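Source file: data24.cif; contents: mmCIF, C-alpha atoms.
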```
data_target
#
loop_
_atom_site.label_atom_id
_atom_site.label_comp_id
_atom_site.auth_asym_id
_atom_site.auth_seq_id
_atom_site.Cartn_x
_atom_site.Cartn_y
_atom_site.Cartn_z
CA MET A 1 70.95 -149.84 23.98
CA ASP A 2 70.30 -149.16 27.67
CA LYS A 3 73.00 -149.19 30.35
CA LYS A 4 72.23 -152.76 31.47
CA GLN A 5 72.53 -154.09 27.92
CA GLN A 6 75.70 -152.09 27.37
CA THR A 7 77.25 -153.52 30.56
CA ARG A 8 76.24 -157.04 29.54
CA LYS A 9 77.87 -156.53 26.15
CA GLN A 10 81.07 -155.17 27.78
CA ILE A 11 81.25 -158.24 30.00
CA MET A 12 80.68 -160.60 27.07
CA THR A 13 83.28 -158.88 24.89
CA ALA A 14 85.90 -158.89 27.66
CA ALA A 15 85.19 -162.51 28.58
CA TRP A 16 85.50 -163.80 25.02
CA GLN A 17 88.71 -161.89 24.45
CA LEU A 18 90.20 -163.34 27.63
CA PHE A 19 88.88 -166.85 26.91
CA ALA A 20 90.52 -166.71 23.48
CA GLU A 21 93.82 -165.35 24.85
CA HIS A 22 94.18 -167.40 28.04
CA GLY A 23 91.66 -170.22 27.76
CA TYR A 24 88.36 -170.65 29.53
CA ALA A 25 89.69 -172.53 32.56
CA GLN A 26 92.56 -170.07 33.08
CA THR A 27 90.32 -166.99 32.97
CA SER A 28 88.84 -165.87 36.27
CA THR A 29 85.72 -163.80 36.74
CA ARG A 30 87.93 -161.22 38.45
CA GLN A 31 89.99 -160.90 35.26
CA ILE A 32 86.80 -160.53 33.23
CA ALA A 33 85.50 -157.86 35.61
CA ASN A 34 88.78 -155.93 35.38
CA ALA A 35 88.82 -156.09 31.59
CA ALA A 36 85.15 -155.08 31.38
CA GLN A 37 85.72 -152.34 33.97
CA VAL A 38 82.93 -153.59 36.24
CA ALA A 39 82.77 -155.07 39.73
CA THR A 40 83.04 -158.86 39.96
CA GLY A 41 79.53 -159.00 41.43
CA THR A 42 78.19 -157.22 38.37
CA ILE A 43 79.19 -160.20 36.23
CA PHE A 44 77.05 -162.49 38.38
CA SER A 45 74.08 -160.14 38.17
CA HIS A 46 74.17 -160.70 34.39
CA PHE A 47 75.42 -164.30 34.22
CA PRO A 48 74.78 -166.78 37.07
CA THR A 49 78.03 -168.67 36.35
CA LYS A 50 81.13 -168.37 34.22
CA LEU A 51 79.83 -171.35 32.22
CA ASP A 52 76.63 -169.41 31.44
CA LEU A 53 78.81 -166.62 30.08
CA LEU A 54 80.63 -169.13 27.88
CA LYS A 55 77.41 -170.71 26.63
CA GLU A 56 75.69 -167.43 25.80
CA GLY A 57 78.76 -166.10 24.05
CA LEU A 58 79.10 -169.27 22.02
CA GLN A 59 75.42 -169.16 21.09
CA ASP A 60 75.76 -165.56 19.89
CA LYS A 61 78.76 -166.42 17.75
CA LEU A 62 77.17 -169.57 16.35
CA ASP A 63 73.95 -167.69 15.55
CA ALA A 64 75.97 -165.11 13.62
CA THR A 65 77.91 -167.85 11.78
CA LEU A 66 74.72 -169.74 10.89
CA ALA A 67 73.01 -166.53 9.74
CA LYS A 68 75.93 -165.77 7.44
CA ALA A 69 75.82 -169.32 6.04
CA GLY A 70 72.06 -169.04 5.64
CA GLU A 71 72.47 -166.10 3.27
CA THR A 72 73.89 -168.45 0.63
CA ASP A 73 72.00 -171.64 1.52
CA VAL A 74 70.31 -172.71 -1.74
CA LYS A 75 70.51 -176.51 -1.63
CA ALA A 76 67.54 -178.79 -0.96
CA ASN A 77 69.25 -182.03 0.01
CA PRO A 78 70.03 -182.21 3.75
CA LYS A 79 73.49 -183.68 3.09
CA ASP A 80 74.36 -180.81 0.76
CA ARG A 81 72.99 -178.31 3.24
CA LEU A 82 75.04 -179.83 6.06
CA GLN A 83 78.19 -179.53 3.96
CA HIS A 84 77.36 -175.91 3.24
CA TYR A 85 76.84 -175.05 6.92
CA ALA A 86 79.84 -177.17 7.95
CA SER A 87 82.13 -175.06 5.77
CA TYR A 88 81.21 -172.00 7.85
CA LEU A 89 81.13 -173.78 11.19
CA TYR A 90 84.42 -175.62 10.68
CA ASP A 91 86.02 -172.32 9.70
CA PHE A 92 84.68 -170.76 12.91
CA TYR A 93 86.03 -173.55 15.13
CA LEU A 94 89.38 -173.87 13.34
CA GLY A 95 89.89 -170.12 13.53
CA GLN A 96 90.30 -170.63 17.26
CA ARG A 97 91.34 -174.29 17.48
CA GLU A 98 92.65 -174.37 21.08
CA PHE A 99 89.72 -172.38 22.40
CA SER A 100 87.30 -174.62 20.46
CA ARG A 101 88.80 -177.67 22.15
CA GLU A 102 88.16 -176.04 25.51
CA LEU A 103 84.61 -175.17 24.48
CA PHE A 104 83.83 -178.78 23.74
CA ARG A 105 85.48 -179.97 26.95
CA GLU A 106 83.23 -177.65 28.92
CA LEU A 107 80.04 -178.03 26.93
CA ILE A 108 79.96 -181.70 25.96
CA TRP A 109 78.09 -182.64 29.13
CA GLN A 110 75.60 -179.77 28.88
CA TRP A 111 73.37 -181.92 26.67
CA ASP A 112 70.02 -180.75 28.06
CA GLU A 113 70.78 -177.19 27.06
CA LEU A 114 72.30 -178.07 23.68
CA GLU A 115 69.61 -180.51 22.61
CA ALA A 116 67.07 -177.86 21.57
CA GLU A 117 69.68 -176.08 19.44
CA LEU A 118 70.69 -179.32 17.75
CA GLU A 119 67.05 -180.22 17.08
CA ASP A 120 66.50 -176.82 15.48
CA PHE A 121 69.58 -177.30 13.30
CA LYS A 122 68.51 -180.80 12.21
CA HIS A 123 65.08 -179.48 11.24
CA LYS A 124 66.74 -176.62 9.35
CA LEU A 125 68.71 -179.16 7.30
CA PHE A 126 65.50 -181.00 6.43
CA SER A 127 63.26 -177.95 6.00
CA ARG A 128 63.12 -178.41 2.22
CA THR A 129 62.38 -182.13 2.30
CA GLN A 130 60.66 -184.71 4.50
CA TYR A 131 62.19 -184.94 7.98
CA HIS A 132 63.81 -188.26 8.97
CA ALA A 133 64.90 -188.31 12.62
CA ILE A 134 67.36 -191.19 12.27
CA ALA A 135 68.94 -189.68 9.16
CA ALA A 136 69.17 -186.29 10.90
CA ASN A 137 70.92 -187.90 13.88
CA LEU A 138 73.29 -189.70 11.54
CA LEU A 139 74.16 -186.43 9.79
CA MET A 140 74.92 -184.86 13.18
CA ASP A 141 77.09 -187.84 14.12
CA CYS A 142 79.11 -187.42 10.92
CA TYR A 143 79.38 -183.66 11.40
CA PHE A 144 80.50 -183.77 15.03
CA MET A 145 82.89 -186.70 14.71
CA THR A 146 84.55 -184.96 11.76
CA LEU A 147 84.74 -181.74 13.77
CA LEU A 148 86.22 -183.42 16.84
CA ASP A 149 88.72 -185.35 14.72
CA GLY A 150 89.72 -182.15 12.95
CA LEU A 151 90.14 -180.22 16.18
CA HIS A 152 92.14 -183.06 17.71
CA GLY A 153 94.58 -183.23 14.82
CA GLN A 154 95.97 -180.49 12.66
CA GLN A 155 93.49 -180.86 9.82
CA THR A 156 92.54 -177.99 7.57
CA GLN A 157 88.98 -176.97 6.84
CA GLU A 158 89.27 -178.49 3.37
CA THR A 159 90.45 -181.84 4.78
CA MET A 160 87.59 -181.84 7.25
CA LEU A 161 85.07 -181.04 4.52
CA THR A 162 86.50 -183.80 2.33
CA ASN A 163 86.20 -186.26 5.22
CA LEU A 164 82.63 -185.14 5.90
CA ARG A 165 81.73 -185.44 2.21
CA GLY A 166 83.12 -189.00 2.16
CA LYS A 167 81.05 -190.01 5.19
CA LEU A 168 77.90 -188.39 3.84
CA SER A 169 78.33 -190.15 0.48
CA LEU A 170 77.63 -193.43 2.30
CA ILE A 171 74.23 -192.21 3.52
CA LYS A 172 71.21 -192.65 1.25
CA LEU A 173 68.60 -189.90 1.50
#
```
Spell out the structure here as structure tokens.
Amino acid sequence: MDKKQQTRKQIMTAAWQLFAEHGYAQTSTRQIANAAQVATGTIFSHFPTKLDLLKEGLQDKLDATLAKAGETDVKANPKDRLQHYASYLYDFYLGQREFSRELFRELIWQWDELEAELEDFKHKLFSRTQYHAIAANLLMDCYFMTLLDGLHGQQTQETMLTNLRGKLSLIKL
């Protein structure tokens, strides 16, 4: 790893630790710079905005979570596959419930940048069967509404998975 990559990693690690401890909105780039032991300007040479730092960090963590789930993904039916991935993703989000709420507050309107990732995920769910765009969108609706409801309340992962399973049982694929 070269110096530039190492600095980028230091910034990302410090930012995510501070975001988790203090919240995204309450964390300044100056605090991140101090924790990463770099100049504030160095952050902006790696990440144009604080939001870009948040998005890239989230993407890294989601990629790792999805890769871990993929290691045990053996189902063919998209509904079953969604439930499998949801168990890992819900655990990830619930493990940092307050921070996850902030993530969604910040990222919900970043649709253009999230759309490609969601499309990839929908196609992953249907990679072992014929793709149906409307069904894929419906699966995502069920997944995200269950996630948002679970983050809003004090639901457990098991409750969220039970709710998701109930919704998916109404969908014919």
Surrounding residues of Leu103 in chain A excluding itself and chain neighbours under 4 positions, 9 Å, all atoms listed in the file, as a PyMOL selection string: chain A and resi 24+54-55+58+98-99+107-108
How many Å separate CA of Gln6 in chain A from CA of Leu89 in chain A? 27.6 Å
So, with all atoms listed in the file as the atoms that count, which of A:Glu119, A:Lys4, A:Glu102, A:Val38 lies closest to Gln26 in chain A?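 Nearest candidate to Gln26 in chain A out of A:Glu119, A:Lys4, A:Glu102, A:Val38: A:Glu102.
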Would you kindly translate the PyMOL selection byres ((chain A and resi 77) around 9) into the concrete residues it picks from this file, as number ranges by chain? A: 75-76, 78-82, 125-126, 128-129, 173
Please report as a Markdown table every residue of range 16-109 of chain A lying within 10 Å of range 155-160 of chain A, along with the nearest atom pair and their distance in Å (one decimal), using only C-alpha atoms.
```
| residue | atom | partner | partner_atom | distance |
| --- | --- | --- | --- | --- |
| A:Ala86 | CA | A:Met160 | CA | 9.1 |
| A:Ser87 | CA | A:Gln157 | CA | 7.2 |
| A:Tyr88 | CA | A:Gln157 | CA | 9.3 |
| A:Leu89 | CA | A:Gln157 | CA | 9.5 |
| A:Tyr90 | CA | A:Gln157 | CA | 6.1 |
| A:Asp91 | CA | A:Gln157 | CA | 6.2 |
| A:Phe92 | CA | A:Gln157 | CA | 9.7 |
| A:Tyr93 | CA | A:Gln157 | CA | 9.4 |
| A:Leu94 | CA | A:Gln157 | CA | 7.2 |
| A:Gly95 | CA | A:Gln157 | CA | 9.6 |
```
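Residue nearest Ile171 in chain A, chosen from A:Leu114, A:Leu138, A:Ala64, A:Gln5 and counting only C-alpha atoms: A:Leu138.
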What would range 139-150 of chain A look like with all heavy atoms restored, written as a PDB file, in the frame of the given file?
```
ATOM      1  N   LEU A 139      73.441-187.589  10.339  1.00  0.00           N
ATOM      2  CA  LEU A 139      74.160-186.430   9.790  1.00  0.00           C
ATOM      3  C   LEU A 139      74.911-185.693  10.897  1.00  0.00           C
ATOM      4  O   LEU A 139      76.061-185.287  10.704  1.00  0.00           O
ATOM      5  CB  LEU A 139      73.185-185.471   9.098  1.00  0.00           C
ATOM      6  CG  LEU A 139      72.502-185.961   7.821  1.00  0.00           C
ATOM      7  CD1 LEU A 139      71.616-184.867   7.248  1.00  0.00           C
ATOM      8  CD2 LEU A 139      73.493-186.442   6.790  1.00  0.00           C
ATOM      9  N   MET A 140      74.262-185.529  12.049  1.00  0.00           N
ATOM     10  CA  MET A 140      74.920-184.860  13.180  1.00  0.00           C
ATOM     11  C   MET A 140      76.113-185.672  13.675  1.00  0.00           C
ATOM     12  O   MET A 140      77.155-185.105  14.004  1.00  0.00           O
ATOM     13  CB  MET A 140      73.936-184.615  14.319  1.00  0.00           C
ATOM     14  CG  MET A 140      72.870-183.577  14.039  1.00  0.00           C
ATOM     15  SD  MET A 140      73.514-181.901  13.772  1.00  0.00           S
ATOM     16  CE  MET A 140      73.731-181.881  11.997  1.00  0.00           C
ATOM     17  N   ASP A 141      75.967-186.989  13.713  1.00  0.00           N
ATOM     18  CA  ASP A 141      77.090-187.840  14.120  1.00  0.00           C
ATOM     19  C   ASP A 141      78.286-187.616  13.189  1.00  0.00           C
ATOM     20  O   ASP A 141      79.419-187.438  13.654  1.00  0.00           O
ATOM     21  CB  ASP A 141      76.705-189.322  14.093  1.00  0.00           C
ATOM     22  CG  ASP A 141      75.712-189.715  15.169  1.00  0.00           C
ATOM     23  OD1 ASP A 141      75.463-188.919  16.097  1.00  0.00           O
ATOM     24  OD2 ASP A 141      75.176-190.845  15.076  1.00  0.00           O
ATOM     25  N   CYS A 142      78.026-187.628  11.892  1.00  0.00           N
ATOM     26  CA  CYS A 142      79.110-187.420  10.920  1.00  0.00           C
ATOM     27  C   CYS A 142      79.734-186.032  11.091  1.00  0.00           C
ATOM     28  O   CYS A 142      80.962-185.893  11.094  1.00  0.00           O
ATOM     29  CB  CYS A 142      78.577-187.572   9.496  1.00  0.00           C
ATOM     30  SG  CYS A 142      78.098-189.248   9.061  1.00  0.00           S
ATOM     31  N   TYR A 143      78.894-185.025  11.245  1.00  0.00           N
ATOM     32  CA  TYR A 143      79.380-183.660  11.400  1.00  0.00           C
ATOM     33  C   TYR A 143      80.273-183.531  12.639  1.00  0.00           C
ATOM     34  O   TYR A 143      81.397-183.027  12.562  1.00  0.00           O
ATOM     35  CB  TYR A 143      78.200-182.666  11.484  1.00  0.00           C
ATOM     36  CG  TYR A 143      78.625-181.311  11.965  1.00  0.00           C
ATOM     37  CD1 TYR A 143      79.241-180.412  11.105  1.00  0.00           C
ATOM     38  CD2 TYR A 143      78.456-180.937  13.291  1.00  0.00           C
ATOM     39  CE1 TYR A 143      79.662-179.166  11.552  1.00  0.00           C
ATOM     40  CE2 TYR A 143      78.870-179.696  13.742  1.00  0.00           C
ATOM     41  CZ  TYR A 143      79.474-178.820  12.878  1.00  0.00           C
ATOM     42  OH  TYR A 143      79.910-177.605  13.326  1.00  0.00           O
ATOM     43  N   PHE A 144      79.758-183.972  13.792  1.00  0.00           N
ATOM     44  CA  PHE A 144      80.500-183.770  15.030  1.00  0.00           C
ATOM     45  C   PHE A 144      81.745-184.647  15.127  1.00  0.00           C
ATOM     46  O   PHE A 144      82.779-184.188  15.628  1.00  0.00           O
ATOM     47  CB  PHE A 144      79.599-183.981  16.257  1.00  0.00           C
ATOM     48  CG  PHE A 144      78.766-182.784  16.569  1.00  0.00           C
ATOM     49  CD1 PHE A 144      77.399-182.791  16.351  1.00  0.00           C
ATOM     50  CD2 PHE A 144      79.344-181.613  17.053  1.00  0.00           C
ATOM     51  CE1 PHE A 144      76.629-181.675  16.624  1.00  0.00           C
ATOM     52  CE2 PHE A 144      78.588-180.488  17.325  1.00  0.00           C
ATOM     53  CZ  PHE A 144      77.223-180.522  17.101  1.00  0.00           C
ATOM     54  N   MET A 145      81.689-185.863  14.653  1.00  0.00           N
ATOM     55  CA  MET A 145      82.890-186.700  14.710  1.00  0.00           C
ATOM     56  C   MET A 145      83.978-186.132  13.789  1.00  0.00           C
ATOM     57  O   MET A 145      85.155-186.153  14.129  1.00  0.00           O
ATOM     58  CB  MET A 145      82.571-188.149  14.363  1.00  0.00           C
ATOM     59  CG  MET A 145      81.748-188.847  15.440  1.00  0.00           C
ATOM     60  SD  MET A 145      82.401-188.651  17.132  1.00  0.00           S
ATOM     61  CE  MET A 145      83.980-189.454  17.005  1.00  0.00           C
ATOM     62  N   THR A 146      83.580-185.600  12.650  1.00  0.00           N
ATOM     63  CA  THR A 146      84.550-184.960  11.760  1.00  0.00           C
ATOM     64  C   THR A 146      85.123-183.707  12.418  1.00  0.00           C
ATOM     65  O   THR A 146      86.333-183.465  12.357  1.00  0.00           O
ATOM     66  CB  THR A 146      83.894-184.609  10.408  1.00  0.00           C
ATOM     67  OG1 THR A 146      83.359-185.806   9.829  1.00  0.00           O
ATOM     68  CG2 THR A 146      84.893-183.978   9.456  1.00  0.00           C
ATOM     69  N   LEU A 147      84.276-182.939  13.077  1.00  0.00           N
ATOM     70  CA  LEU A 147      84.740-181.740  13.770  1.00  0.00           C
ATOM     71  C   LEU A 147      85.714-182.089  14.891  1.00  0.00           C
ATOM     72  O   LEU A 147      86.800-181.506  14.987  1.00  0.00           O
ATOM     73  CB  LEU A 147      83.547-180.962  14.341  1.00  0.00           C
ATOM     74  CG  LEU A 147      83.882-179.755  15.227  1.00  0.00           C
ATOM     75  CD1 LEU A 147      84.708-178.725  14.478  1.00  0.00           C
ATOM     76  CD2 LEU A 147      82.599-179.136  15.761  1.00  0.00           C
ATOM     77  N   LEU A 148      85.340-183.038  15.724  1.00  0.00           N
ATOM     78  CA  LEU A 148      86.220-183.420  16.840  1.00  0.00           C
ATOM     79  C   LEU A 148      87.543-183.982  16.343  1.00  0.00           C
ATOM     80  O   LEU A 148      88.600-183.669  16.898  1.00  0.00           O
ATOM     81  CB  LEU A 148      85.507-184.409  17.759  1.00  0.00           C
ATOM     82  CG  LEU A 148      84.304-183.839  18.513  1.00  0.00           C
ATOM     83  CD1 LEU A 148      83.604-184.941  19.310  1.00  0.00           C
ATOM     84  CD2 LEU A 148      84.699-182.687  19.413  1.00  0.00           C
ATOM     85  N   ASP A 149      87.487-184.799  15.299  1.00  0.00           N
ATOM     86  CA  ASP A 149      88.720-185.350  14.720  1.00  0.00           C
ATOM     87  C   ASP A 149      89.591-184.230  14.165  1.00  0.00           C
ATOM     88  O   ASP A 149      90.807-184.217  14.360  1.00  0.00           O
ATOM     89  CB  ASP A 149      88.371-186.361  13.632  1.00  0.00           C
ATOM     90  CG  ASP A 149      89.576-187.120  13.132  1.00  0.00           C
ATOM     91  OD1 ASP A 149      90.406-187.549  13.969  1.00  0.00           O
ATOM     92  OD2 ASP A 149      89.694-187.289  11.904  1.00  0.00           O
ATOM     93  N   GLY A 150      88.968-183.267  13.507  1.00  0.00           N
ATOM     94  CA  GLY A 150      89.720-182.150  12.950  1.00  0.00           C
ATOM     95  C   GLY A 150      90.328-181.252  14.002  1.00  0.00           C
ATOM     96  O   GLY A 150      91.451-180.765  13.846  1.00  0.00           O
TER      97      GLY A 150
END
```
